[in-house]
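Enquirer: Please find one structure pasted underneath; my questions will follow.
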Amino acid sequence: MPDELGFSPERLARIDRFLDEKYVATGKLPGTLTMVARHGDIAHLGLTGHADVERGVAIAEDTIFRIYSMTKPITSVALMMLVEEGKIALEDPVHRYIPEWQNLAVFAAGTHRMGFQTTPVKRPMQVVDLLRHTAGLTYGFQLRTNVDEAYRREKIGEIEKAGTLPDMIAALARIPLEFSPGDSWNYSVATDVCGWLVEVVSGQKFEDFLEHRLFKPLGMVDTGFHVRDGQGHRLASCYQPNRTGTMDLQDDCQGSSYLTPPDFVSGGGGLVSTAGDYMKFAQMLLNGGTADGHRYIGRKTLDLMTANHLPGNSSIAAMSKSLFSEAAYDGIGFGLGFATTMNAAATLMPGSDGDAFWGGAASTFFWVDPAEDLIGLFMTQLIPSSTYPVRREVRTMVYAALDD
């Protein structure tokens, strides 16, 4: 019961009424799933609206969602497992594992079509730079520089992935960095590169490593880079806002590319999952790396991952060159695969210093709060995630329901 876990049942219930009235009934979101856990038990599961608006299919507890960049924390944990085994180190130069990146340089002038002028890097890109987004890489959707324009021309980091992961690694060798590694923070394809490192270092296909080391032992039976056979009827459709203030269909669940295995296996944004599956992963994190008596990653390794790793203990706001990421900036730092709250007051939201969180392009979101022994998880399917402040609203209402 919610009250036994320190929540006001009435205050938790108003989250769903709020979402239904403000977003679902007005046609802004197709439907929502909100799951809150505390002390290892589910305190709240709220469902509103539809997984498939066109066919009238309601959101259900086992609805499968595109989690996009909520893939990144999973990929980061996988890479840190290999760090724990001594197979790769955070300070290692990336070109040790990707030799064609030996001579990466920094953009100075020029275009993809006419050619680039570059300057040398101040230091080589390190593995830690990939995990914390200080590598000098970018996303094409940043729409900010001639470098991200080159990403768009090469179709690197698109929502609908093109080519293969090895193709992307080869293409990135031909494009200069936005900045010298460690100089700035920029949301990027770096976590896709982390997935490639898992494959290179482990000797397994990246998707097989995740399946054998995380998904199968955790019981994440609905999580993968495509919807498994017999589960297609549970995939939600995805939507995008239109000029009328409602939404249009972006990816029909019945014809989605997620129904078949992808050519590009994206550690930065390729997974589908359910709320229940992702809660298992999040609870393992909150447990300090264990679940059901099995240790997946060390407690001190997780402490390292959820600490702020931005140089000089800077915030994202101080170091960011991004026009877009999955986090508000004020009071927020970045660890190894997660954002982390450095100063809760600066975020203007209730919460705790030292939490870890991230979201996905279709407006999904999760956070893990060790201070309150709490996990929040929000699922919907609307691209882009910057459309509405729904994550902030849900998070605020969850903390407002604490009653102990």
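Here's how to read the names in the structure tokens: chain A, B, ... by the order shown, residue numbers from 1 in each chain, ligand numbers from 1 in the order shown.
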Taking only stretch 55-186 of chain A into account, list the residues labelled helix (DSSP H, G or I) by DSSP (computed from the backbone), as JSON, numbers by chain.
Expert: {"A": [68, 69, 70, 71, 72, 73, 74, 75, 76, 77, 78, 79, 80, 81, 82, 83, 84, 94, 95, 96, 99, 100, 101, 127, 128, 129, 130, 131, 132, 140, 141, 142, 146, 147, 148, 149, 150, 151, 152, 153, 165, 166, 167, 168, 169, 170, 171, 172]}
Enquirer: I want to know what sits within 10 Å of A:Ala171, based on only C-alpha atoms, with residues of the same chain fewer than 2 positions away left out; could you give that as a PyMOL selection string?
Expert: chain A and resi 150-151+154-156+165-169+173-175
Enquirer: Could you state the separation of atom CA of A:Leu45 and atom CA of A:Asp16 in Å, given to one decimal place?
Expert: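 Going from atom CA of A:Leu45 over to atom CA of A:Asp16 covers 9.2 Å.
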Enquirer: Step one, run DSSP on the backbone; step two, keep only residues of stretch 281-327 of chain A assigned to strand (DSSP E); then write them as a PDB file with N, CA, C and O atoms, in the first residue's frame.
Expert:
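Written out: part25.pdb:
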```pdb
ATOM      1  N   THR A 290      22.868  -4.916  -7.190  1.00  0.00           N
ATOM      2  CA  THR A 290      22.420  -6.295  -6.990  1.00  0.00           C
ATOM      3  C   THR A 290      20.927  -6.425  -7.237  1.00  0.00           C
ATOM      4  O   THR A 290      20.170  -5.457  -7.120  1.00  0.00           O
ATOM      5  N   ALA A 291      20.517  -7.657  -7.563  1.00  0.00           N
ATOM      6  CA  ALA A 291      19.094  -7.992  -7.682  1.00  0.00           C
ATOM      7  C   ALA A 291      18.948  -9.487  -7.479  1.00  0.00           C
ATOM      8  O   ALA A 291      19.691 -10.277  -8.085  1.00  0.00           O
ATOM      9  N   HIS A 294      22.041 -11.621  -6.935  1.00  0.00           N
ATOM     10  CA  HIS A 294      23.102 -11.612  -7.959  1.00  0.00           C
ATOM     11  C   HIS A 294      23.677 -10.210  -8.095  1.00  0.00           C
ATOM     12  O   HIS A 294      22.931  -9.238  -8.182  1.00  0.00           O
ATOM     13  N   ARG A 295      24.999 -10.110  -8.097  1.00  0.00           N
ATOM     14  CA  ARG A 295      25.633  -8.806  -8.281  1.00  0.00           C
ATOM     15  C   ARG A 295      25.966  -8.602  -9.753  1.00  0.00           C
ATOM     16  O   ARG A 295      26.673  -9.405 -10.359  1.00  0.00           O
TER      17      ARG A 295
END
```
Enquirer: To one decimal place in Å, what is the distance between atom CA of A:Ser385 and atom CA of A:Ala361?
Expert: 5.1 Å
Enquirer: How close does each residue of stretch 209-267 of chain A get to stretch 56-64 of chain A, giving the shortest atom pair and distance in Å to one decimal for every residue with an atom at most 10 Å away, counting only C-alpha atoms, sorted by chain and residue number, as CSV?
Expert:
```
residue,atom,partner,partner_atom,distance
A:Asp222,CA,A:Ile64,CA,7.3
A:Thr223,CA,A:Ile64,CA,8.4
A:Val227,CA,A:Ile64,CA,8.0
A:Gln231,CA,A:Ile64,CA,8.4
A:Gly232,CA,A:Ile64,CA,8.6
A:His233,CA,A:Thr63,CA,8.8
A:Arg234,CA,A:Thr63,CA,5.1
A:Leu235,CA,A:Ile64,CA,4.6
A:Ala236,CA,A:Ile64,CA,6.0
A:Ser237,CA,A:Ile64,CA,9.4
A:Cys253,CA,A:Ile64,CA,9.9
```
Enquirer: Using only C-alpha atoms, can you tell me which of A:Asp3, A:Val36, A:Ala275, A:Val24 comes closest to A:Thr246?
Expert: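 Nearest candidate to A:Thr246 out of A:Asp3, A:Val36, A:Ala275, A:Val24: A:Val24.
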Enquirer: Could you tell me which of A:Leu310, A:Ile332, A:Leu79, A:Ala13 comes closest to A:Asp192 if we count only C-alpha atoms?
Expert: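 Nearest candidate to A:Asp192 out of A:Leu310, A:Ile332, A:Leu79, A:Ala13: A:Leu79.
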Enquirer: Which is closer to A:Thr34 than all the others in A:Tyr296, A:Tyr68, A:Tyr399, A:Phe378, using only C-alpha atoms?
Expert: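 That would be A:Phe378, the residue with the smallest distance to A:Thr34.
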Enquirer: Which residues, written as a ChimeraX atom specification, have at least one atom at most 6 Å from A:Thr32, with only C-alpha atoms counted and residues fewer than 5 positions away on the same chain left out?
Expert: /A:47-48,379-380
Enquirer: Keeping only C-alpha atoms, write those residues as a short mmCIF file (atom, residue, chain, number, x, y, z; two decimals), in the first residue's frame.
Expert:
```
data_model
loop_
_atom_site.label_atom_id
_atom_site.label_comp_id
_atom_site.auth_asym_id
_atom_site.auth_seq_id
_atom_site.Cartn_x
_atom_site.Cartn_y
_atom_site.Cartn_z
CA LEU A 47 -2.34 4.29 -16.62
CA THR A 48 -4.10 6.84 -18.82
CA MET A 379 6.37 6.29 -20.14
CA THR A 380 4.62 7.81 -23.13
#
```
Enquirer: Of the candidates A:Ser266, A:Thr274, A:Ser202, A:Ser8, which one gets nearest to A:Asp404 if we count only C-alpha atoms?
Expert: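 For A:Asp404, the nearest of the given residues is A:Ser8.
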Enquirer: Closest to A:Arg395 among A:Thr244, A:Ser352, A:Gln381, A:Ser180, using only C-alpha atoms?
Expert: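 The closest residue to A:Arg395 is A:Ser352.
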Enquirer: Taking only residues of stretch 236-315 of chain A that have an atom at most 10 Å from an atom of stretch 83-86 of chain A, what is each one's shortest atom pair and its distance in Å to one decimal, using only C-alpha atoms, in chain and number order, as CSV?
Expert:
```
residue,atom,partner,partner_atom,distance
A:Ile297,CA,A:Glu84,CA,7.9
A:Gly298,CA,A:Glu84,CA,7.9
A:Thr301,CA,A:Glu84,CA,7.8
```
Enquirer: How would the residues just chosen look if you wrote them out with N, CA, C and O atoms as an mmCIF file, in the first residue's frame?
Expert:
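Output file part-v4.cif follows:
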```
data_model
loop_
_atom_site.group_PDB
_atom_site.id
_atom_site.type_symbol
_atom_site.label_atom_id
_atom_site.label_comp_id
_atom_site.auth_asym_id
_atom_site.auth_seq_id
_atom_site.Cartn_x
_atom_site.Cartn_y
_atom_site.Cartn_z
ATOM 1 N N ILE A 297 26.994 -5.305 -10.909
ATOM 2 C CA ILE A 297 28.071 -4.311 -10.952
ATOM 3 C C ILE A 297 28.355 -3.884 -9.517
ATOM 4 O O ILE A 297 27.466 -3.949 -8.651
ATOM 5 N N GLY A 298 29.592 -3.484 -9.252
ATOM 6 C CA GLY A 298 29.984 -3.169 -7.892
ATOM 7 C C GLY A 298 29.346 -1.901 -7.353
ATOM 8 O O GLY A 298 29.084 -0.947 -8.100
ATOM 9 N N THR A 301 31.546 0.989 -7.957
ATOM 10 C CA THR A 301 31.520 1.361 -9.378
ATOM 11 C C THR A 301 30.312 2.230 -9.668
ATOM 12 O O THR A 301 30.406 3.229 -10.403
#
```
Enquirer: Quick one: everything within 10 Å of A:Ser188, counting only C-alpha atoms, minus sequence neighbours fewer than 3 positions away in the same chain. Send it as a list of chain:residue names.
Expert: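 Answer for this query is A:Leu130, A:Arg132, A:His133, A:Thr134, A:Ala135, A:Gly136, A:Leu137, A:Thr138, A:Tyr139, A:Gly140, A:Phe141, A:Gln142, A:Asp148, A:Gly157, A:Trp185, A:Thr191, A:Asp192, A:Val193, A:Gly268, A:Ser322, A:Phe324, A:Ser325.
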Enquirer: Report as a ChimeraX atom specification all protein, DNA and RNA residues lying within 8 Å of stretch 304-307 of chain A, evaluated on only C-alpha atoms, omitting residues in the same chain fewer than 6 positions from it.
Expert: /A:334-340,354-356
Enquirer: Work out how far atom CA of A:Ala282 is from atom CA of A:Leu302, in Å to one decimal.
Expert: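 Interatomic distance here is 11.9 Å.
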